[in-house]
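Shown below: input29.pdb, with PDB, C-alpha atoms and all ligand atoms.
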```pdb
ATOM      1  CA  MET H   1     -95.495  86.492 -60.507
ATOM      2  CA  SER H   2     -99.103  86.593 -59.368
ATOM      3  CA  ILE H   3    -101.643  85.483 -61.937
ATOM      4  CA  ALA H   4    -105.340  85.065 -62.574
ATOM      5  CA  ILE H   5    -106.540  82.104 -64.615
ATOM      6  CA  ILE H   6    -109.808  82.259 -66.542
ATOM      7  CA  THR H   7    -111.117  79.241 -68.419
ATOM      8  CA  GLY H   8    -113.716  79.779 -71.134
ATOM      9  CA  ALA H   9    -112.409  83.306 -71.662
ATOM     10  CA  SER H  10    -112.898  83.261 -75.446
ATOM     11  CA  SER H  11    -116.551  84.292 -75.238
ATOM     12  CA  GLY H  12    -119.555  85.144 -73.098
ATOM     13  CA  ILE H  13    -119.266  85.151 -69.335
ATOM     14  CA  GLY H  14    -115.553  84.236 -69.289
ATOM     15  CA  GLU H  15    -114.753  87.130 -71.600
ATOM     16  CA  ALA H  16    -116.797  89.463 -69.395
ATOM     17  CA  PHE H  17    -114.898  88.224 -66.334
ATOM     18  CA  LEU H  18    -111.652  88.972 -68.141
ATOM     19  CA  SER H  19    -112.733  92.599 -68.491
ATOM     20  CA  GLU H  20    -113.615  92.658 -64.761
ATOM     21  CA  VAL H  21    -110.191  91.292 -63.804
ATOM     22  CA  VAL H  22    -108.358  93.682 -66.154
ATOM     23  CA  ASN H  23    -110.185  96.632 -64.596
ATOM     24  CA  SER H  24    -110.014  95.346 -61.032
ATOM     25  CA  THR H  25    -108.012  97.242 -58.465
ATOM     26  CA  GLY H  26    -108.523  94.491 -55.885
ATOM     27  CA  LYS H  27    -105.824  92.300 -54.433
ATOM     28  CA  PHE H  28    -105.963  88.540 -54.788
ATOM     29  CA  GLY H  29    -103.769  86.447 -52.543
ATOM     30  CA  GLY H  30    -102.465  89.661 -50.972
ATOM     31  CA  THR H  31    -101.018  91.120 -54.182
ATOM     32  CA  ASN H  32    -102.017  92.682 -57.475
ATOM     33  CA  ILE H  33    -102.414  90.446 -60.528
ATOM     34  CA  ASP H  34     -99.374  90.625 -62.860
ATOM     35  CA  ALA H  35    -100.680  88.405 -65.638
ATOM     36  CA  ILE H  36    -103.957  86.819 -66.725
ATOM     37  CA  TRP H  37    -103.851  83.358 -68.299
ATOM     38  CA  ILE H  38    -106.856  82.902 -70.542
ATOM     39  CA  ILE H  39    -107.799  79.377 -71.602
ATOM     40  CA  ALA H  40    -110.038  78.101 -74.391
ATOM     41  CA  ARG H  41    -109.822  76.246 -77.715
ATOM     42  CA  ARG H  42    -110.356  79.191 -80.090
ATOM     43  CA  ALA H  43    -106.843  80.621 -80.256
ATOM     44  CA  ASP H  44    -107.858  83.448 -82.624
ATOM     45  CA  ARG H  45    -110.352  84.752 -80.056
ATOM     46  CA  LEU H  46    -107.759  84.572 -77.298
ATOM     47  CA  GLU H  47    -105.210  86.437 -79.440
ATOM     48  CA  ALA H  48    -107.815  89.130 -80.210
ATOM     49  CA  LEU H  49    -108.381  89.584 -76.470
ATOM     50  CA  LYS H  50    -104.641  89.859 -75.881
ATOM     51  CA  LYS H  51    -104.599  92.692 -78.456
ATOM     52  CA  LYS H  52    -107.718  94.318 -76.995
ATOM     53  CA  TYR H  53    -106.178  94.452 -73.533
ATOM     54  CA  SER H  54    -102.644  95.218 -74.706
ATOM     55  CA  ASN H  55    -101.980  97.257 -71.548
ATOM     56  CA  SER H  56    -102.423  94.137 -69.441
ATOM     57  CA  ASN H  57    -100.259  91.049 -69.467
ATOM     58  CA  ILE H  58    -102.657  88.579 -71.077
ATOM     59  CA  VAL H  59    -101.324  85.079 -71.734
ATOM     60  CA  PRO H  60    -103.466  83.050 -74.152
ATOM     61  CA  ILE H  61    -103.372  79.288 -73.640
ATOM     62  CA  GLU H  62    -105.042  77.172 -76.289
ATOM     63  CA  ALA H  63    -106.296  74.009 -74.627
ATOM     64  CA  ASP H  64    -109.169  71.598 -75.129
ATOM     65  CA  LEU H  65    -110.421  70.831 -71.643
ATOM     66  CA  THR H  66    -112.068  67.590 -72.733
ATOM     67  CA  SER H  67    -108.643  66.069 -73.333
ATOM     68  CA  GLU H  68    -105.848  64.870 -71.046
ATOM     69  CA  GLU H  69    -103.494  66.775 -73.335
ATOM     70  CA  GLY H  70    -105.386  70.054 -72.768
ATOM     71  CA  ILE H  71    -105.103  69.667 -68.989
ATOM     72  CA  SER H  72    -101.405  68.707 -69.306
ATOM     73  CA  ILE H  73    -100.656  71.934 -71.196
ATOM     74  CA  ILE H  74    -101.846  73.924 -68.189
ATOM     75  CA  GLU H  75    -100.157  71.582 -65.707
ATOM     76  CA  HIS H  76     -96.821  72.067 -67.524
ATOM     77  CA  GLU H  77     -97.217  75.841 -67.680
ATOM     78  CA  LEU H  78     -97.813  75.869 -63.936
ATOM     79  CA  SER H  79     -94.848  73.670 -63.093
ATOM     80  CA  ASN H  80     -92.542  75.636 -65.444
ATOM     81  CA  LYS H  81     -93.530  79.152 -64.384
ATOM     82  CA  LYS H  82     -94.436  78.391 -60.754
ATOM     83  CA  PRO H  83     -96.725  81.407 -60.413
ATOM     84  CA  THR H  84     -98.734  82.445 -57.408
ATOM     85  CA  ILE H  85    -102.399  82.117 -58.351
ATOM     86  CA  GLY H  86    -104.509  84.889 -56.872
ATOM     87  CA  LEU H  87    -107.664  84.127 -58.791
ATOM     88  CA  LEU H  88    -109.044  81.106 -60.628
ATOM     89  CA  ILE H  89    -112.278  81.544 -62.575
ATOM     90  CA  ASN H  90    -113.702  78.304 -63.961
ATOM     91  CA  CYS H  91    -116.027  79.528 -66.664
ATOM     92  CA  ALA H  92    -115.596  76.998 -69.468
ATOM     93  CA  GLY H  93    -118.774  75.060 -69.919
ATOM     94  CA  LEU H  94    -121.359  73.751 -72.314
ATOM     95  CA  GLY H  95    -124.666  71.985 -72.464
ATOM     96  CA  LYS H  96    -126.608  70.209 -75.181
ATOM     97  CA  ARG H  97    -130.398  70.529 -75.182
ATOM     98  CA  GLY H  98    -132.531  67.515 -75.953
ATOM     99  CA  LYS H  99    -133.547  64.254 -74.356
ATOM    100  CA  VAL H 100    -130.666  62.002 -73.321
ATOM    101  CA  ILE H 101    -131.791  59.391 -75.853
ATOM    102  CA  ASP H 102    -131.490  61.967 -78.651
ATOM    103  CA  ARG H 103    -127.979  63.154 -77.783
ATOM    104  CA  SER H 104    -124.766  61.438 -78.809
ATOM    105  CA  LYS H 105    -122.266  59.755 -76.531
ATOM    106  CA  ASP H 106    -119.811  62.568 -77.370
ATOM    107  CA  ASP H 107    -122.318  65.272 -76.371
ATOM    108  CA  LEU H 108    -122.766  63.691 -72.949
ATOM    109  CA  SER H 109    -119.102  63.046 -72.444
ATOM    110  CA  SER H 110    -117.914  66.538 -73.484
ATOM    111  CA  THR H 111    -120.484  68.134 -71.164
ATOM    112  CA  LEU H 112    -119.251  66.090 -68.211
ATOM    113  CA  ASP H 113    -115.573  66.438 -69.166
ATOM    114  CA  VAL H 114    -115.632  70.236 -69.382
ATOM    115  CA  ASN H 115    -118.254  71.107 -66.741
ATOM    116  CA  CYS H 116    -117.224  68.597 -64.059
ATOM    117  CA  LYS H 117    -113.956  66.765 -64.711
ATOM    118  CA  SER H 118    -111.762  69.591 -66.006
ATOM    119  CA  LEU H 119    -113.161  72.045 -63.438
ATOM    120  CA  SER H 120    -112.276  69.677 -60.602
ATOM    121  CA  ILE H 121    -108.866  68.660 -61.933
ATOM    122  CA  LEU H 122    -107.827  72.187 -62.836
ATOM    123  CA  THR H 123    -108.870  73.393 -59.406
ATOM    124  CA  ARG H 124    -106.808  70.626 -57.801
ATOM    125  CA  LEU H 125    -103.787  71.504 -59.964
ATOM    126  CA  CYS H 126    -104.032  75.181 -59.025
ATOM    127  CA  LEU H 127    -104.441  74.763 -55.252
ATOM    128  CA  PRO H 128    -100.735  74.355 -54.377
ATOM    129  CA  TYR H 129    -100.079  77.694 -56.106
ATOM    130  CA  MET H 130    -102.839  79.535 -54.247
ATOM    131  CA  VAL H 131    -101.061  81.053 -51.301
ATOM    132  CA  CYS H 132    -101.437  84.410 -49.639
ATOM    133  CA  THR H 133     -98.365  86.603 -49.899
ATOM    134  CA  GLY H 134     -97.488  89.967 -48.440
ATOM    135  CA  GLY H 135     -98.493  91.015 -44.965
ATOM    136  CA  ALA H 136    -101.380  90.200 -42.666
ATOM    137  CA  PHE H 137    -104.183  88.026 -44.009
ATOM    138  CA  SER H 138    -107.648  89.385 -44.693
ATOM    139  CA  TRP H 139    -110.460  87.460 -46.427
ATOM    140  CA  LYS H 140    -111.003  90.435 -48.759
ATOM    141  CA  GLN H 141    -107.542  89.795 -50.226
ATOM    142  CA  ALA H 142    -107.624  86.011 -50.097
ATOM    143  CA  PRO H 143    -106.746  83.877 -53.115
ATOM    144  CA  ARG H 144    -110.090  83.175 -54.748
ATOM    145  CA  ILE H 145    -111.830  80.528 -56.832
ATOM    146  CA  ILE H 146    -114.972  81.461 -58.750
ATOM    147  CA  ASN H 147    -116.903  78.598 -60.328
ATOM    148  CA  LEU H 148    -119.705  79.048 -62.823
ATOM    149  CA  GLY H 149    -122.659  76.939 -61.773
ATOM    150  CA  SER H 150    -126.179  77.634 -62.978
ATOM    151  CA  SER H 151    -129.728  77.807 -61.647
ATOM    152  CA  ALA H 152    -130.072  74.536 -63.605
ATOM    153  CA  ALA H 153    -128.162  73.037 -60.656
ATOM    154  CA  PHE H 154    -131.154  73.379 -58.336
ATOM    155  CA  LEU H 155    -133.409  70.791 -59.967
ATOM    156  CA  PRO H 156    -133.385  67.942 -62.453
ATOM    157  CA  GLN H 157    -134.191  69.356 -65.875
ATOM    158  CA  PRO H 158    -135.841  67.021 -68.405
ATOM    159  CA  GLY H 159    -134.629  68.011 -71.854
ATOM    160  CA  PHE H 160    -131.368  69.306 -70.400
ATOM    161  CA  ALA H 161    -130.693  66.465 -67.976
ATOM    162  CA  CYS H 162    -126.957  66.031 -68.363
ATOM    163  CA  TYR H 163    -126.243  69.769 -68.188
ATOM    164  CA  ALA H 164    -128.437  70.296 -65.086
ATOM    165  CA  ALA H 165    -126.829  67.301 -63.370
ATOM    166  CA  SER H 166    -123.350  68.583 -64.256
ATOM    167  CA  LYS H 167    -124.158  71.953 -62.694
ATOM    168  CA  ALA H 168    -125.549  70.220 -59.585
ATOM    169  CA  TYR H 169    -122.091  68.660 -59.367
ATOM    170  CA  VAL H 170    -120.414  72.090 -59.695
ATOM    171  CA  LEU H 171    -122.635  73.487 -56.954
ATOM    172  CA  SER H 172    -122.023  70.589 -54.582
ATOM    173  CA  PHE H 173    -118.295  70.430 -55.344
ATOM    174  CA  SER H 174    -117.831  74.174 -54.827
ATOM    175  CA  ARG H 175    -119.727  74.321 -51.552
ATOM    176  CA  ALA H 176    -117.774  71.418 -50.095
ATOM    177  CA  LEU H 177    -114.535  72.913 -51.398
ATOM    178  CA  SER H 178    -115.191  76.253 -49.718
ATOM    179  CA  TYR H 179    -115.349  74.422 -46.372
ATOM    180  CA  GLU H 180    -112.286  72.306 -47.105
ATOM    181  CA  LEU H 181    -110.256  75.358 -48.088
ATOM    182  CA  HIS H 182    -111.349  77.613 -45.232
ATOM    183  CA  ASN H 183    -108.326  76.719 -43.093
ATOM    184  CA  LEU H 184    -106.026  77.230 -46.079
ATOM    185  CA  LYS H 185    -107.575  80.705 -46.406
ATOM    186  CA  ILE H 186    -108.714  80.237 -49.992
ATOM    187  CA  ALA H 187    -112.153  81.671 -50.783
ATOM    188  CA  VAL H 188    -114.575  79.815 -53.049
ATOM    189  CA  THR H 189    -117.676  81.265 -54.673
ATOM    190  CA  VAL H 190    -120.093  79.407 -56.915
ATOM    191  CA  ILE H 191    -122.244  81.624 -59.092
ATOM    192  CA  CYS H 192    -125.651  80.355 -60.216
ATOM    193  CA  PRO H 193    -127.225  82.573 -62.845
ATOM    194  CA  GLY H 194    -130.318  82.001 -64.950
ATOM    195  CA  PRO H 195    -130.223  82.690 -68.684
ATOM    196  CA  VAL H 196    -127.350  84.865 -69.871
ATOM    197  CA  ASN H 197    -127.117  86.376 -73.326
ATOM    198  CA  THR H 198    -124.108  84.526 -74.805
ATOM    199  CA  GLU H 199    -123.334  81.949 -77.497
ATOM    200  CA  PHE H 200    -124.305  79.246 -75.001
ATOM    201  CA  LEU H 201    -127.929  78.811 -76.159
ATOM    202  CA  SER H 202    -127.037  78.680 -79.836
ATOM    203  CA  LYS H 203    -124.435  75.987 -79.126
ATOM    204  CA  ALA H 204    -126.829  74.123 -76.815
ATOM    205  CA  THR H 205    -129.503  73.946 -79.491
ATOM    206  CA  ASP H 206    -127.150  73.261 -82.432
ATOM    207  CA  SER H 207    -127.875  76.788 -83.759
ATOM    208  CA  LYS H 208    -131.660  76.239 -83.730
ATOM    209  CA  GLU H 209    -132.186  78.979 -81.116
ATOM    210  CA  SER H 210    -130.121  82.026 -80.356
ATOM    211  CA  LYS H 211    -132.492  83.973 -78.085
ATOM    212  CA  PHE H 212    -134.172  82.839 -74.887
ATOM    213  CA  THR H 213    -137.970  82.809 -75.185
ATOM    214  CA  GLY H 214    -140.972  82.455 -72.875
ATOM    215  CA  ILE H 215    -140.404  82.749 -69.149
ATOM    216  CA  ARG H 216    -136.620  82.570 -69.608
ATOM    217  CA  ALA H 217    -136.657  85.723 -71.755
ATOM    218  CA  MET H 218    -138.002  87.667 -68.761
ATOM    219  CA  CYS H 219    -134.842  87.184 -66.747
ATOM    220  CA  VAL H 220    -131.995  87.249 -69.264
ATOM    221  CA  LEU H 221    -128.837  88.967 -68.050
ATOM    222  CA  SER H 222    -125.946  90.362 -70.049
ATOM    223  CA  PRO H 223    -122.614  88.607 -69.418
ATOM    224  CA  GLU H 224    -121.092  91.959 -68.407
ATOM    225  CA  LYS H 225    -123.728  92.535 -65.724
ATOM    226  CA  LEU H 226    -123.356  88.990 -64.436
ATOM    227  CA  ALA H 227    -119.558  89.239 -64.258
ATOM    228  CA  LYS H 228    -119.766  92.558 -62.394
ATOM    229  CA  LYS H 229    -122.302  91.239 -59.888
ATOM    230  CA  GLY H 230    -120.502  87.900 -59.597
ATOM    231  CA  MET H 231    -117.147  89.506 -58.893
ATOM    232  CA  LYS H 232    -118.728  91.792 -56.289
ATOM    233  CA  ALA H 233    -120.373  88.802 -54.577
ATOM    234  CA  ALA H 234    -117.073  86.896 -54.587
ATOM    235  CA  MET H 235    -115.185  89.853 -53.122
ATOM    236  CA  ARG H 236    -117.826  90.034 -50.372
ATOM    237  CA  GLY H 237    -116.989  86.440 -49.517
ATOM    238  CA  ARG H 238    -120.246  84.839 -50.659
ATOM    239  CA  HIS H 239    -119.955  81.047 -50.967
ATOM    240  CA  LEU H 240    -123.042  80.860 -53.178
ATOM    241  CA  TYR H 241    -124.343  83.670 -55.327
ATOM    242  CA  VAL H 242    -127.728  83.034 -56.927
ATOM    243  CA  CYS H 243    -128.157  85.793 -59.453
ATOM    244  CA  GLY H 244    -131.658  87.095 -60.253
ATOM    245  CA  PHE H 245    -135.019  87.237 -58.470
ATOM    246  CA  MET H 246    -136.596  84.309 -60.342
ATOM    247  CA  GLN H 247    -133.494  82.198 -59.720
ATOM    248  CA  LYS H 248    -133.602  82.993 -56.001
ATOM    249  CA  CYS H 249    -137.282  81.917 -55.932
ATOM    250  CA  LEU H 250    -136.374  78.705 -57.769
ATOM    251  CA  TYR H 251    -133.561  78.030 -55.305
ATOM    252  CA  LEU H 252    -135.882  78.536 -52.346
ATOM    253  CA  ALA H 253    -138.592  76.410 -53.955
ATOM    254  CA  SER H 254    -136.090  73.619 -54.601
ATOM    255  CA  LYS H 255    -135.436  73.505 -50.842
ATOM    256  CA  ILE H 256    -139.046  73.329 -49.690
ATOM    257  CA  VAL H 257    -141.285  72.010 -52.481
ATOM    258  CA  PRO H 258    -141.161  68.331 -53.511
ATOM    259  CA  THR H 259    -139.103  67.914 -56.684
ATOM    260  CA  SER H 260    -141.921  66.069 -58.478
ATOM    261  CA  TRP H 261    -144.252  69.066 -57.990
ATOM    262  CA  ILE H 262    -141.695  71.510 -59.366
ATOM    263  CA  LEU H 263    -141.001  69.232 -62.322
ATOM    264  CA  SER H 264    -144.725  69.241 -63.150
ATOM    265  CA  ILE H 265    -144.834  73.054 -63.013
ATOM    266  CA  GLU H 266    -141.602  73.245 -65.004
ATOM    267  CA  LYS H 267    -143.194  71.062 -67.705
ATOM    268  CA  ILE H 268    -146.022  73.575 -68.095
ATOM    269  CA  LEU H 269    -143.882  76.738 -67.945
ATOM    270  CA  MET H 270    -140.857  75.531 -69.867
ATOM    271  CA  PRO H 271    -141.813  72.718 -72.241
ATOM    272  CA  SER H 272    -138.619  71.231 -73.686
TER     273      SER H 272
HETATM  274  N1  LIG W   1    -125.376  81.515 -70.922
HETATM  275  C1  LIG W   1    -126.165  81.035 -70.000
HETATM  276  O1  LIG W   1    -127.397  81.122 -70.114
HETATM  277  C2  LIG W   1    -125.583  80.406 -68.764
HETATM  278  C3  LIG W   1    -126.422  80.312 -67.633
HETATM  279  C4  LIG W   1    -125.909  79.740 -66.486
HETATM  280  C5  LIG W   1    -124.601  79.282 -66.453
HETATM  281  N2  LIG W   1    -123.825  79.396 -67.569
HETATM  282  C6  LIG W   1    -122.456  78.857 -67.490
HETATM  283  O2  LIG W   1    -121.542  79.906 -67.720
HETATM  284  C7  LIG W   1    -120.337  79.374 -68.262
HETATM  285  C8  LIG W   1    -119.926  80.184 -69.476
HETATM  286  O3  LIG W   1    -120.904  80.026 -70.487
HETATM  287  P1  LIG W   1    -121.262  81.173 -71.527
HETATM  288  O4  LIG W   1    -122.689  81.484 -71.370
HETATM  289  O5  LIG W   1    -120.284  82.261 -71.448
HETATM  290  O6  LIG W   1    -121.133  80.338 -72.893
HETATM  291  P2  LIG W   1    -120.120  80.505 -74.114
HETATM  292  O7  LIG W   1    -120.127  81.897 -74.624
HETATM  293  O8  LIG W   1    -120.477  79.396 -75.042
HETATM  294  O9  LIG W   1    -118.702  80.232 -73.451
HETATM  295  C9  LIG W   1    -118.260  78.945 -73.153
HETATM  296  C10 LIG W   1    -116.769  78.989 -72.989
HETATM  297  O10 LIG W   1    -116.308  77.680 -72.642
HETATM  298  C11 LIG W   1    -115.230  77.342 -73.482
HETATM  299  N3  LIG W   1    -115.183  75.912 -73.750
HETATM  300  C12 LIG W   1    -116.196  75.110 -74.143
HETATM  301  N4  LIG W   1    -115.737  73.865 -74.371
HETATM  302  C13 LIG W   1    -114.406  73.884 -74.125
HETATM  303  C14 LIG W   1    -113.367  72.929 -74.200
HETATM  304  N5  LIG W   1    -113.598  71.670 -74.609
HETATM  305  N6  LIG W   1    -112.112  73.292 -73.864
HETATM  306  C15 LIG W   1    -111.843  74.562 -73.483
HETATM  307  N7  LIG W   1    -112.787  75.515 -73.382
HETATM  308  C16 LIG W   1    -114.037  75.191 -73.711
HETATM  309  C17 LIG W   1    -115.491  78.104 -74.796
HETATM  310  O11 LIG W   1    -114.270  78.322 -75.488
HETATM  311  P3  LIG W   1    -113.854  77.638 -76.891
HETATM  312  O12 LIG W   1    -115.116  77.283 -77.616
HETATM  313  O13 LIG W   1    -113.042  78.703 -77.560
HETATM  314  O14 LIG W   1    -113.047  76.458 -76.488
HETATM  315  C18 LIG W   1    -116.051  79.412 -74.278
HETATM  316  O15 LIG W   1    -115.028  80.299 -73.980
HETATM  317  C19 LIG W   1    -120.617  77.900 -68.562
HETATM  318  O16 LIG W   1    -120.072  77.119 -67.529
HETATM  319  C20 LIG W   1    -122.134  77.822 -68.548
HETATM  320  O17 LIG W   1    -122.555  76.550 -68.178
HETATM  321  C21 LIG W   1    -124.279  79.949 -68.722
END
```
File written out as structure tokens:
Amino acid sequence: MSIAIITGASSGIGEAFLSEVVNSTGKFGGTNIDAIWIIARRADRLEALKKKYSNSNIVPIEADLTSEEGISIIEHELSNKKPTIGLLINCAGLGKRGKVIDRSKDDLSSTLDVNCKSLSILTRLCLPYMVCTGGAFSWKQAPRIINLGSSAAFLPQPGFACYAASKAYVLSFSRALSYELHNLKIAVTVICPGPVNTEFLSKATDSKESKFTGIRAMCVLSPEKLAKKGMKAAMRGRHLYVCGFMQKCLYLASKIVPTSWILSIEKILMPS
């Protein structure tokens, strides 16, 4: 059995990636995907997606990725079923807006647990199952990992410090991983979008904001568009996909302009 695994599939970008995988005709790890394991805490949402895509073999797995128990559920499923993993999409993530001093210990720890720890551990658990089957190898059909980073990864972000730092981790981890896994013929893509129209902002601001405003509003993407573009970039073998013109400019600026200068500009353009 060849499977795809999508974390954070119960909403937003993960849900949009699920639709991409369901409709994909591509091969991952040399074969077609037989089943898609979708992981999140909201079991009702996962069940609704199973119904929505009743023609596909969707396997909902309710797991809280902040907990050891949540990770163990997936570990046990893997060791029981011993699937071949053609595609792993690490989409689960969260952030909490506000100064570090104003956020709780739990806010900081859940951000790091989901965005960094679970992404790394889950990736490690999946690697032994990511092998290419069937015929001659081509990178287009390689087993693939897609990690959701963010343009927040490019620079420190006062007012969103823990989230931006966690995404810097995802970016660094993914880029190193793509080199480590080259000889094992596993492709890794990290996607760094700007603002995307999902539940993310509402959760990040404790329901105080639900729509991006100011300069961010000018470059909001739909999750469907991001998933389509992200999947295309991954299939083309991109290690890093920075999505959006403004985000590309920010990425370039982060490489050549001193961080303190950009932080000063950021303070004017995006007061937290
Ligand atoms: N939206 C943006 O502006 C934006 C921009 C750049 C990058 N991103 C990144 O894109 C990814 C997806 O975010 P989104 O915009 O689609 O937000 P979203 O709609 O809030 O989706 C977040 C997903 O993560 C899951 N999740 C959160 N905590 C979890 C936990 N403890 N255990 C298991 N699953 C958990 C949620 O499922 P349950 O709540 O059901 O558990 C949900 O499916 C994140 O990594 C985010 O950092 C988002």
Completion exercise
note - atom CA of H:Leu221 and atom CA of H:Thr7 are separated by 20.2 Å
Exercise for the section: Evaluate the PyMOL selection byres (((chain H and resi 188-204) around 7) and not hetatm) on the structure here and hand back the selected residues as a PyMOL selection string. Expected result: chain H and resi 12+94-97+144-151+171+174+178+186-187+205-210+216+219-223+230+234+238-244+247
Exercise for the section: Would you kindly return, as a count of residues only, each protein, DNA or RNA residue with an atom no farther than 8 Å from any atom of H:Lys140, considering only C-alpha atoms and excluding same-chain residues fewer than 6 positions away? Expected result: 4
Practice task
Go ahead and compute the interatomic distance for atom N4 of ligand LIG 1 (chain W) and atom CA of H:Leu112, in Å to one decimal.
Solution key: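 Taking atom N4 of ligand LIG 1 (chain W) and atom CA of H:Leu112, their separation equals 10.5 Å.
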Practice task
Could you tell me which of H:Pro128, H:Pro143, H:Gly214, H:Gly70 comes closest to ligand LIG 1 (chain W) if we count all atoms listed in the file?
Solution key: H:Gly70
